[in-house]
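Structure data (PDB, C-alpha atoms) from structure25.pdb:
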ATOM      1  CA  MET A   1      -6.302 176.200  90.695
ATOM      2  CA  LYS A   2      -5.392 175.065  94.193
ATOM      3  CA  PHE A   3      -2.601 172.549  94.837
ATOM      4  CA  GLY A   4      -2.592 170.365  97.939
ATOM      5  CA  ILE A   5       0.698 168.783  98.930
ATOM      6  CA  VAL A   6       0.345 165.962 101.442
ATOM      7  CA  SER A   7       2.883 166.056 104.272
ATOM      8  CA  PHE A   8       3.540 162.695 105.873
ATOM      9  CA  PRO A   9       5.920 162.349 108.811
ATOM     10  CA  GLY A  10       9.228 162.034 106.964
ATOM     11  CA  SER A  11       8.218 163.822 103.755
ATOM     12  CA  ASN A  12      11.053 166.106 102.683
ATOM     13  CA  CYS A  13      10.083 167.365  99.229
ATOM     14  CA  ASP A  14       6.762 168.906 100.228
ATOM     15  CA  ASP A  15       8.181 172.437 100.337
ATOM     16  CA  ASP A  16       9.656 172.014  96.839
ATOM     17  CA  ALA A  17       6.234 170.949  95.564
ATOM     18  CA  VAL A  18       4.580 173.961  97.242
ATOM     19  CA  PHE A  19       7.213 176.120  95.512
ATOM     20  CA  ALA A  20       6.305 174.536  92.160
ATOM     21  CA  ALA A  21       2.659 175.516  92.666
ATOM     22  CA  THR A  22       3.086 178.966  94.147
ATOM     23  CA  GLU A  23       6.299 180.326  92.618
ATOM     24  CA  THR A  24       6.559 178.474  89.312
ATOM     25  CA  LEU A  25       2.865 178.431  88.428
ATOM     26  CA  GLY A  26       1.649 181.333  90.571
ATOM     27  CA  GLN A  27      -1.199 179.231  91.939
ATOM     28  CA  PRO A  28      -2.287 178.697  95.531
ATOM     29  CA  GLY A  29      -0.550 175.760  97.174
ATOM     30  CA  VAL A  30      -1.033 174.407 100.700
ATOM     31  CA  LYS A  31       0.373 171.559 102.717
ATOM     32  CA  LEU A  32      -2.173 169.005 103.893
ATOM     33  CA  TRP A  33      -1.269 167.120 107.076
ATOM     34  CA  HIS A  34      -1.593 163.377 106.620
ATOM     35  CA  LYS A  35      -3.931 163.030 109.604
ATOM     36  CA  SER A  36      -6.446 165.428 108.104
ATOM     37  CA  HIS A  37      -9.639 164.192 106.452
ATOM     38  CA  ASP A  38     -10.048 167.377 104.421
ATOM     39  CA  LEU A  39      -8.496 168.194 101.051
ATOM     40  CA  GLU A  40      -9.448 171.854 101.689
ATOM     41  CA  GLY A  41     -10.924 172.278  98.237
ATOM     42  CA  CYS A  42      -7.684 171.468  96.420
ATOM     43  CA  ASP A  43      -8.008 170.677  92.713
ATOM     44  CA  VAL A  44      -4.670 168.894  92.407
ATOM     45  CA  ILE A  45      -2.966 166.570  94.886
ATOM     46  CA  VAL A  46       0.789 165.971  95.119
ATOM     47  CA  LEU A  47       2.188 163.009  97.068
ATOM     48  CA  PRO A  48       5.741 164.287  97.589
ATOM     49  CA  GLY A  49       9.112 162.636  98.005
ATOM     50  CA  GLY A  50      10.788 161.766 101.266
ATOM     51  CA  PHE A  51      10.905 158.881 103.682
ATOM     52  CA  SER A  52       7.372 158.690 105.045
ATOM     53  CA  TYR A  53       7.327 156.736 108.316
ATOM     54  CA  GLY A  54      11.067 156.152 107.901
ATOM     55  CA  ASP A  55      10.337 153.663 105.107
ATOM     56  CA  TYR A  56       9.448 151.215 107.908
ATOM     57  CA  LEU A  57       8.219 147.833 106.687
ATOM     58  CA  ARG A  58       8.421 148.930 103.003
ATOM     59  CA  ALA A  59       8.642 152.353 101.399
ATOM     60  CA  GLY A  60       5.122 153.794 101.298
ATOM     61  CA  ALA A  61       3.483 150.809 102.999
ATOM     62  CA  ILE A  62       2.349 152.632 106.124
ATOM     63  CA  ALA A  63       1.713 156.069 104.599
ATOM     64  CA  ARG A  64      -0.963 154.596 102.356
ATOM     65  CA  PHE A  65      -3.090 154.040 105.479
ATOM     66  CA  SER A  66      -2.834 157.666 106.621
ATOM     67  CA  PRO A  67      -6.301 159.165 107.127
ATOM     68  CA  ILE A  68      -5.965 161.625 104.244
ATOM     69  CA  MET A  69      -5.299 158.831 101.738
ATOM     70  CA  ARG A  70      -8.978 157.906 101.833
ATOM     71  CA  GLU A  71      -9.859 161.410 100.610
ATOM     72  CA  VAL A  72      -7.052 161.276  98.034
ATOM     73  CA  ALA A  73      -8.534 158.032  96.665
ATOM     74  CA  VAL A  74     -11.986 159.617  96.415
ATOM     75  CA  HIS A  75     -10.445 162.610  94.592
ATOM     76  CA  ALA A  76      -8.572 160.291  92.199
ATOM     77  CA  ASN A  77     -11.619 158.097  91.568
ATOM     78  CA  ARG A  78     -13.636 161.083  90.423
ATOM     79  CA  GLY A  79     -10.883 162.055  87.986
ATOM     80  CA  GLY A  80      -8.967 164.590  90.077
ATOM     81  CA  PRO A  81      -5.294 164.950  89.155
ATOM     82  CA  VAL A  82      -2.781 163.273  91.464
ATOM     83  CA  ILE A  83       0.972 162.964  91.052
ATOM     84  CA  GLY A  84       3.206 160.726  93.139
ATOM     85  CA  ILE A  85       6.853 161.750  93.082
ATOM     86  CA  CYS A  86       9.546 159.367  94.342
ATOM     87  CA  ASN A  87       8.253 158.294  97.792
ATOM     88  CA  GLY A  88       4.854 159.551  96.594
ATOM     89  CA  PHE A  89       5.080 157.108  93.672
ATOM     90  CA  GLN A  90       5.869 154.309  96.125
ATOM     91  CA  ILE A  91       2.861 155.332  98.232
ATOM     92  CA  ALA A  92       0.550 155.455  95.179
ATOM     93  CA  CYS A  93       1.670 151.953  94.148
ATOM     94  CA  GLU A  94       1.207 150.601  97.683
ATOM     95  CA  ALA A  95      -2.266 152.157  97.729
ATOM     96  CA  GLY A  96      -3.172 150.384  94.489
ATOM     97  CA  MET A  97      -3.712 153.689  92.663
ATOM     98  CA  LEU A  98      -1.001 152.697  90.173
ATOM     99  CA  PRO A  99       0.154 149.248  89.000
ATOM    100  CA  GLY A 100       3.421 147.706  90.195
ATOM    101  CA  ALA A 101       5.874 148.218  93.035
ATOM    102  CA  LEU A 102       9.278 149.809  93.634
ATOM    103  CA  MET A 103      12.061 147.573  94.902
ATOM    104  CA  ARG A 104      15.650 148.044  96.067
ATOM    105  CA  ASN A 105      17.861 149.453  93.278
ATOM    106  CA  ALA A 106      19.567 146.642  91.387
ATOM    107  CA  GLY A 107      23.012 148.024  92.315
ATOM    108  CA  LEU A 108      21.971 148.385  95.983
ATOM    109  CA  GLN A 109      23.258 151.972  96.096
ATOM    110  CA  PHE A 110      21.202 155.045  96.853
ATOM    111  CA  LEU A 111      21.319 157.021  93.588
ATOM    112  CA  SER A 112      21.374 160.822  93.609
ATOM    113  CA  MET A 113      22.046 162.097  90.102
ATOM    114  CA  PRO A 114      20.443 163.702  87.073
ATOM    115  CA  VAL A 115      18.834 161.261  84.620
ATOM    116  CA  THR A 116      17.228 161.587  81.214
ATOM    117  CA  ILE A 117      13.723 160.244  80.772
ATOM    118  CA  ARG A 118      11.648 159.989  77.610
ATOM    119  CA  VAL A 119       7.961 160.830  77.487
ATOM    120  CA  GLU A 120       6.130 157.713  76.288
ATOM    121  CA  ASN A 121       2.561 158.842  76.731
ATOM    122  CA  THR A 122       0.976 162.284  76.549
ATOM    123  CA  ASP A 123      -2.574 161.177  77.303
ATOM    124  CA  THR A 124      -2.296 162.170  80.965
ATOM    125  CA  ARG A 125      -3.103 165.268  82.978
ATOM    126  CA  TRP A 126       0.603 165.618  83.746
ATOM    127  CA  THR A 127       2.141 165.210  80.270
ATOM    128  CA  ALA A 128      -0.522 166.796  78.044
ATOM    129  CA  LEU A 129       1.843 169.597  76.974
ATOM    130  CA  CYS A 130       4.706 167.201  76.192
ATOM    131  CA  HIS A 131       5.234 165.470  72.884
ATOM    132  CA  GLU A 132       5.873 161.761  72.590
ATOM    133  CA  GLY A 133       9.592 161.025  72.585
ATOM    134  CA  GLN A 134      10.409 164.300  74.351
ATOM    135  CA  ARG A 135      13.459 163.982  76.565
ATOM    136  CA  LEU A 136      13.478 165.519  80.027
ATOM    137  CA  THR A 137      16.391 165.811  82.438
ATOM    138  CA  MET A 138      15.591 165.652  86.141
ATOM    139  CA  PRO A 139      17.309 164.477  89.298
ATOM    140  CA  ILE A 140      16.635 161.172  90.984
ATOM    141  CA  ALA A 141      17.366 160.513  94.666
ATOM    142  CA  HIS A 142      16.253 157.078  95.785
ATOM    143  CA  GLY A 143      17.350 153.714  97.104
ATOM    144  CA  GLU A 144      14.194 151.845  96.136
ATOM    145  CA  GLY A 145      13.197 152.805  92.629
ATOM    146  CA  ARG A 146      13.410 149.595  90.643
ATOM    147  CA  TYR A 147      10.000 149.336  89.022
ATOM    148  CA  THR A 148       8.652 145.804  89.195
ATOM    149  CA  VAL A 149       5.400 144.200  88.197
ATOM    150  CA  ASP A 150       4.244 140.657  87.457
ATOM    151  CA  ALA A 151       4.413 139.438  83.848
ATOM    152  CA  ALA A 152       0.662 139.590  83.188
ATOM    153  CA  THR A 153       0.349 143.123  84.541
ATOM    154  CA  LEU A 154       3.466 144.226  82.627
ATOM    155  CA  GLU A 155       1.792 143.092  79.432
ATOM    156  CA  ARG A 156      -1.249 145.193  80.307
ATOM    157  CA  VAL A 157       0.860 148.194  81.372
ATOM    158  CA  GLU A 158       2.811 148.130  78.104
ATOM    159  CA  GLY A 159      -0.182 147.140  75.954
ATOM    160  CA  GLU A 160      -2.477 149.861  77.267
ATOM    161  CA  GLY A 161       0.152 152.590  77.076
ATOM    162  CA  LEU A 162       0.356 153.061  80.839
ATOM    163  CA  VAL A 163       4.122 153.672  80.728
ATOM    164  CA  VAL A 164       4.601 157.450  80.890
ATOM    165  CA  PHE A 165       8.384 157.749  81.241
ATOM    166  CA  ARG A 166      11.405 155.557  80.490
ATOM    167  CA  TYR A 167      15.053 155.999  81.448
ATOM    168  CA  VAL A 168      17.015 156.680  78.247
ATOM    169  CA  ASP A 169      20.526 157.627  77.181
ATOM    170  CA  ALA A 170      21.566 160.923  75.578
ATOM    171  CA  LYS A 171      20.300 159.702  72.211
ATOM    172  CA  GLY A 172      16.890 158.860  73.654
ATOM    173  CA  GLU A 173      17.396 155.091  73.611
ATOM    174  CA  PRO A 174      16.252 152.957  76.568
ATOM    175  CA  THR A 175      19.587 151.205  77.004
ATOM    176  CA  GLU A 176      20.669 149.002  79.880
ATOM    177  CA  ALA A 177      23.287 151.601  80.907
ATOM    178  CA  ALA A 178      20.611 154.299  81.127
ATOM    179  CA  ASN A 179      18.461 152.065  83.319
ATOM    180  CA  VAL A 180      20.265 153.183  86.478
ATOM    181  CA  ASN A 181      18.149 151.328  89.030
ATOM    182  CA  GLY A 182      17.367 148.185  87.015
ATOM    183  CA  SER A 183      13.665 148.883  86.425
ATOM    184  CA  LEU A 184      11.670 146.507  84.234
ATOM    185  CA  ASP A 185      11.620 147.820  80.648
ATOM    186  CA  ASN A 186      13.427 151.012  81.838
ATOM    187  CA  ILE A 187      10.145 152.206  83.369
ATOM    188  CA  ALA A 188      10.557 155.482  85.280
ATOM    189  CA  GLY A 189       6.874 156.435  85.577
ATOM    190  CA  VAL A 190       3.385 155.073  84.948
ATOM    191  CA  ARG A 191      -0.206 156.315  84.873
ATOM    192  CA  ASN A 192      -3.589 154.874  85.763
ATOM    193  CA  ALA A 193      -6.098 153.901  83.087
ATOM    194  CA  SER A 194      -7.786 157.303  83.001
ATOM    195  CA  GLY A 195      -4.555 159.309  83.030
ATOM    196  CA  ASN A 196      -5.347 161.533  86.007
ATOM    197  CA  VAL A 197      -2.919 159.724  88.318
ATOM    198  CA  VAL A 198       0.763 159.617  87.386
ATOM    199  CA  GLY A 199       3.739 158.411  89.431
ATOM    200  CA  LEU A 200       7.447 158.720  88.713
ATOM    201  CA  MET A 201      10.748 158.281  90.529
ATOM    202  CA  PRO A 202      12.531 161.395  89.103
ATOM    203  CA  HIS A 203      11.824 164.757  90.738
ATOM    204  CA  PRO A 204      10.141 167.327  88.447
ATOM    205  CA  GLU A 205       9.774 169.692  91.439
ATOM    206  CA  ARG A 206      13.576 169.843  91.713
ATOM    207  CA  ALA A 207      13.935 170.793  88.051
ATOM    208  CA  LEU A 208      12.070 174.085  87.825
ATOM    209  CA  ASP A 209      14.851 176.540  87.098
ATOM    210  CA  PRO A 210      17.970 176.463  84.879
ATOM    211  CA  LEU A 211      19.883 177.720  87.920
ATOM    212  CA  LEU A 212      19.328 174.275  89.475
ATOM    213  CA  GLY A 213      20.554 172.475  86.382
ATOM    214  CA  SER A 214      17.269 171.921  84.577
ATOM    215  CA  ALA A 215      13.844 173.456  84.133
ATOM    216  CA  ASP A 216      12.448 170.346  82.445
ATOM    217  CA  GLY A 217      10.145 169.571  85.362
ATOM    218  CA  ARG A 218       8.011 172.648  84.704
ATOM    219  CA  VAL A 219       6.130 171.050  81.818
ATOM    220  CA  LEU A 220       4.469 168.531  84.142
ATOM    221  CA  PHE A 221       3.060 171.271  86.361
ATOM    222  CA  GLU A 222       2.156 173.433  83.366
ATOM    223  CA  SER A 223       0.351 170.449  81.845
ATOM    224  CA  VAL A 224      -1.862 169.905  84.861
ATOM    225  CA  LEU A 225      -2.612 173.617  85.055
ATOM    226  CA  ALA A 226      -3.638 173.656  81.387
ATOM    227  CA  ALA A 227      -5.688 170.477  81.814
ATOM    228  CA  VAL A 228      -7.707 171.842  84.710
ATOM    229  CA  HIS A 229      -8.276 175.166  82.986
ATOM    230  CA  ALA A 230      -9.352 173.463  79.757
TER
ATOM    231  CA  MET B   1      -9.416 134.498 124.057
ATOM    232  CA  LYS B   2      -5.863 133.274 124.474
ATOM    233  CA  SER B   3      -2.567 134.912 123.588
ATOM    234  CA  PHE B   4      -0.427 133.665 120.729
ATOM    235  CA  ARG B   5       2.938 134.596 119.310
ATOM    236  CA  VAL B   6       2.911 134.198 115.542
ATOM    237  CA  SER B   7       6.139 134.274 113.506
ATOM    238  CA  VAL B   8       6.079 135.210 109.834
ATOM    239  CA  HIS B   9       8.793 135.009 107.179
ATOM    240  CA  ILE B  10       8.493 137.502 104.329
ATOM    241  CA  VAL B  11      10.859 136.990 101.394
ATOM    242  CA  PRO B  12      11.253 138.462  97.903
ATOM    243  CA  ARG B  13       9.144 136.525  95.412
ATOM    244  CA  LYS B  14      10.998 133.723  93.634
ATOM    245  CA  GLY B  15      12.265 134.732  90.236
ATOM    246  CA  LEU B  16      12.516 138.453  91.033
ATOM    247  CA  LEU B  17      15.977 139.990  91.101
ATOM    248  CA  ASP B  18      17.120 140.088  94.742
ATOM    249  CA  PRO B  19      20.298 142.213  94.694
ATOM    250  CA  GLN B  20      20.641 142.141  98.471
ATOM    251  CA  GLY B  21      20.507 138.335  98.532
ATOM    252  CA  LYS B  22      23.020 138.191  95.685
ATOM    253  CA  ALA B  23      25.427 140.514  97.525
ATOM    254  CA  VAL B  24      25.255 138.265 100.609
ATOM    255  CA  ALA B  25      25.771 135.134  98.492
ATOM    256  CA  ASP B  26      28.810 136.735  96.824
ATOM    257  CA  ALA B  27      30.264 137.629 100.235
ATOM    258  CA  LEU B  28      29.759 134.054 101.478
ATOM    259  CA  HIS B  29      31.516 132.726  98.381
ATOM    260  CA  THR B  30      34.400 135.107  99.071
ATOM    261  CA  LEU B  31      34.644 133.716 102.607
ATOM    262  CA  GLY B  32      35.014 130.243 101.176
ATOM    263  CA  PHE B  33      31.464 128.959 101.564
ATOM    264  CA  GLY B  34      31.521 127.662  98.029
ATOM    265  CA  ALA B  35      28.555 125.368  98.587
ATOM    266  CA  VAL B  36      26.170 128.309  98.994
ATOM    267  CA  GLY B  37      23.639 128.690  96.197
ATOM    268  CA  ASP B  38      20.986 131.383  96.245
ATOM    269  CA  VAL B  39      20.483 133.590  99.304
ATOM    270  CA  HIS B  40      17.356 135.638  99.935
ATOM    271  CA  VAL B  41      17.116 138.436 102.471
ATOM    272  CA  GLY B  42      13.665 139.067 103.863
ATOM    273  CA  ARG B  43      11.953 140.113 107.076
ATOM    274  CA  HIS B  44      10.969 138.137 110.134
ATOM    275  CA  LEU B  45       8.068 139.485 112.156
ATOM    276  CA  VAL B  46       6.848 138.287 115.528
ATOM    277  CA  ILE B  47       3.271 139.286 116.236
ATOM    278  CA  GLU B  48       1.570 138.846 119.570
ATOM    279  CA  THR B  49      -2.160 138.605 119.173
ATOM    280  CA  ALA B  50      -5.228 137.391 121.036
ATOM    281  CA  ALA B  51      -7.305 134.689 119.353
ATOM    282  CA  ALA B  52      -9.727 131.889 120.206
ATOM    283  CA  ASP B  53      -7.216 129.241 119.155
ATOM    284  CA  ALA B  54      -3.997 128.747 117.187
ATOM    285  CA  ALA B  55      -5.806 128.323 113.877
ATOM    286  CA  ALA B  56      -7.663 131.619 114.355
ATOM    287  CA  ALA B  57      -4.403 133.380 115.239
ATOM    288  CA  GLU B  58      -2.806 132.097 112.036
ATOM    289  CA  THR B  59      -5.797 133.096 109.911
ATOM    290  CA  SER B  60      -5.670 136.570 111.378
ATOM    291  CA  VAL B  61      -1.943 136.988 110.671
ATOM    292  CA  ARG B  62      -2.417 135.730 107.102
ATOM    293  CA  GLU B  63      -4.933 138.518 106.592
ATOM    294  CA  MET B  64      -2.434 141.024 108.064
ATOM    295  CA  CYS B  65       0.146 139.784 105.549
ATOM    296  CA  ALA B  66      -2.247 140.161 102.651
ATOM    297  CA  ARG B  67      -3.283 143.675 103.652
ATOM    298  CA  LEU B  68      -0.089 145.226 104.996
ATOM    299  CA  LEU B  69       2.880 143.099 105.964
ATOM    300  CA  ALA B  70       3.778 141.719 102.520
ATOM    301  CA  ASN B  71       3.600 143.435  99.141
ATOM    302  CA  PRO B  72       1.441 141.232  96.899
ATOM    303  CA  VAL B  73       3.477 142.261  93.824
ATOM    304  CA  THR B  74       6.960 141.489  95.093
ATOM    305  CA  GLU B  75       6.885 139.337  98.220
ATOM    306  CA  ASP B  76       5.799 135.922  99.492
ATOM    307  CA  TYR B  77       5.115 135.064 103.103
ATOM    308  CA  GLU B  78       4.858 131.965 105.233
ATOM    309  CA  ILE B  79       3.789 131.431 108.803
ATOM    310  CA  ALA B  80       6.866 130.093 110.559
ATOM    311  CA  GLY B  81       5.210 129.231 113.862
ATOM    312  CA  VAL B  82       2.274 129.794 116.194
ATOM    313  CA  ILE B  83       3.019 129.499 119.902
ATOM    314  CA  ALA B  84       0.583 129.936 122.802
ATOM    315  CA  VAL B  85       2.010 132.375 125.360
TER
END
Can the structure from this file be put into structure tokens for me?
Amino acid sequence: MKFGIVSFPGSNCDDDAVFAATETLGQPGVKLWHKSHDLEGCDVIVLPGGFSYGDYLRAGAIARFSPIMREVAVHANRGGPVIGICNGFQIACEAGMLPGALMRNAGLQFLSMPVTIRVENTDTRWTALCHEGQRLTMPIAHGEGRYTVDAATLERVEGEGLVVFRYVDAKGEPTEAANVNGSLDNIAGVRNASGNVVGLMPHPERALDPLLGSADGRVLFESVLAAVHA
Amino acid sequence: MKSFRVSVHIVPRKGLLDPQGKAVADALHTLGFGAVGDVHVGRHLVIETAAADAAAAETSVREMCARLLANPVTEDYEIAGVIAV
């Protein structure tokens, strides 16, 4: 299974995502330049973290118009797996592939720290090997991660089980203290209706080895590998 | 076609938490500007564009706002002025 990691000008987690594919999973992984129109036969697309286009205008707002995003949308619309991590999540929301938007953290500070998230939904290509309620520890590193959506859409997102991850405390409860960036309903990640596209602010590709503090990110990549092989 | 300079204000949507605006309001209160209520920090864009007339220039910039300049989930925009240049 071939992974394609999109490099935008300003992406800085693309190498980590390539590492996840090639070293952690032992699968082929290539970087795809944002100006390309060719997904090079990749089965899985990763929109990585970083500061695409310097976050000019709004985080992700300009990257969504990169030439390759048209091909990524075609891939997603035919059910191909896509994950948006951090800036990639912002890009996927701006592109309308996922509901909502990411705003400035409620406390205004850039937050770089490990967080605990709880798996809310396993009916996705990226969480199929998780169990509901499973807690995962991964780092976050963002200034604009406060998930926001209008009231009507929030009702749909919650009602249709589109919330994939929530920020929780050590006991697994979505408390206000655990909600580090002030997201609505502690939402850390969401999926699209068909579950092939998932976006989240925490970084699973930086949590692949106990040496780095956590290997909890592996299950997302293992899930998509299992899903495509199934 | 004539040239126009169109100004746009983009602000966080009313009712959404605006921590940046709140921080500025708190600072103003600290300075003694006790009369200050809510503050909202947004963006001001000045776009030079060619159009048949002022109305067409404004219509065009409204479409730019809808498609790129403002996020439809979190931001509102208003045309602050259209000047022929």
Expected selection from the PyMOL selection byres ((chain A and resi 127) around 9), given as a short mmCIF file (atom, residue, chain, number, x, y, z; two decimals) with C-alpha atoms, in the coordinates of the input:
data_model
loop_
_atom_site.label_atom_id
_atom_site.label_comp_id
_atom_site.auth_asym_id
_atom_site.auth_seq_id
_atom_site.Cartn_x
_atom_site.Cartn_y
_atom_site.Cartn_z
CA VAL A 119 7.96 160.83 77.49
CA ASN A 121 2.56 158.84 76.73
CA THR A 122 0.98 162.28 76.55
CA ASP A 123 -2.57 161.18 77.30
CA THR A 124 -2.30 162.17 80.96
CA ARG A 125 -3.10 165.27 82.98
CA TRP A 126 0.60 165.62 83.75
CA ALA A 128 -0.52 166.80 78.04
CA LEU A 129 1.84 169.60 76.97
CA CYS A 130 4.71 167.20 76.19
CA HIS A 131 5.23 165.47 72.88
CA VAL A 164 4.60 157.45 80.89
CA VAL A 219 6.13 171.05 81.82
CA LEU A 220 4.47 168.53 84.14
CA PHE A 221 3.06 171.27 86.36
CA GLU A 222 2.16 173.43 83.37
CA SER A 223 0.35 170.45 81.84
CA VAL A 224 -1.86 169.90 84.86
#
Inset, instruction - Identify all chain B residues at most 8 Å from chain A by counting only C-alpha atoms; ligands do not count. Present them as an MDAnalysis selection string. - result: chainID B and resid 17:20 68:69 71 73:74
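Between CA of Ala20 in chain A and CA of Lys35 in chain A the interatomic distance comes to 23.3 Å.
The gap separating CA of Ile10 in chain B from CA of Arg67 in chain B is 13.3 Å, in Å to one decimal.
Residues in contact range of Asn12 in chain A, defined as at most 8 Å between all atoms listed in the file, with sequence neighbours fewer than 6 positions away removed, read A:Pro48, A:Gly49, A:Gly50, A:Phe51.
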Just-selected residues, C-alpha atoms written as a PDB file, in the coordinates of the input:
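The resulting file, out_38.pdb, is reproduced below:
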ATOM      1  CA  PRO A  48       5.741 164.287  97.589  1.00  0.00           C
ATOM      2  CA  GLY A  49       9.112 162.636  98.005  1.00  0.00           C
ATOM      3  CA  GLY A  50      10.788 161.766 101.266  1.00  0.00           C
ATOM      4  CA  PHE A  51      10.905 158.881 103.682  1.00  0.00           C
TER       5      PHE A  51
END
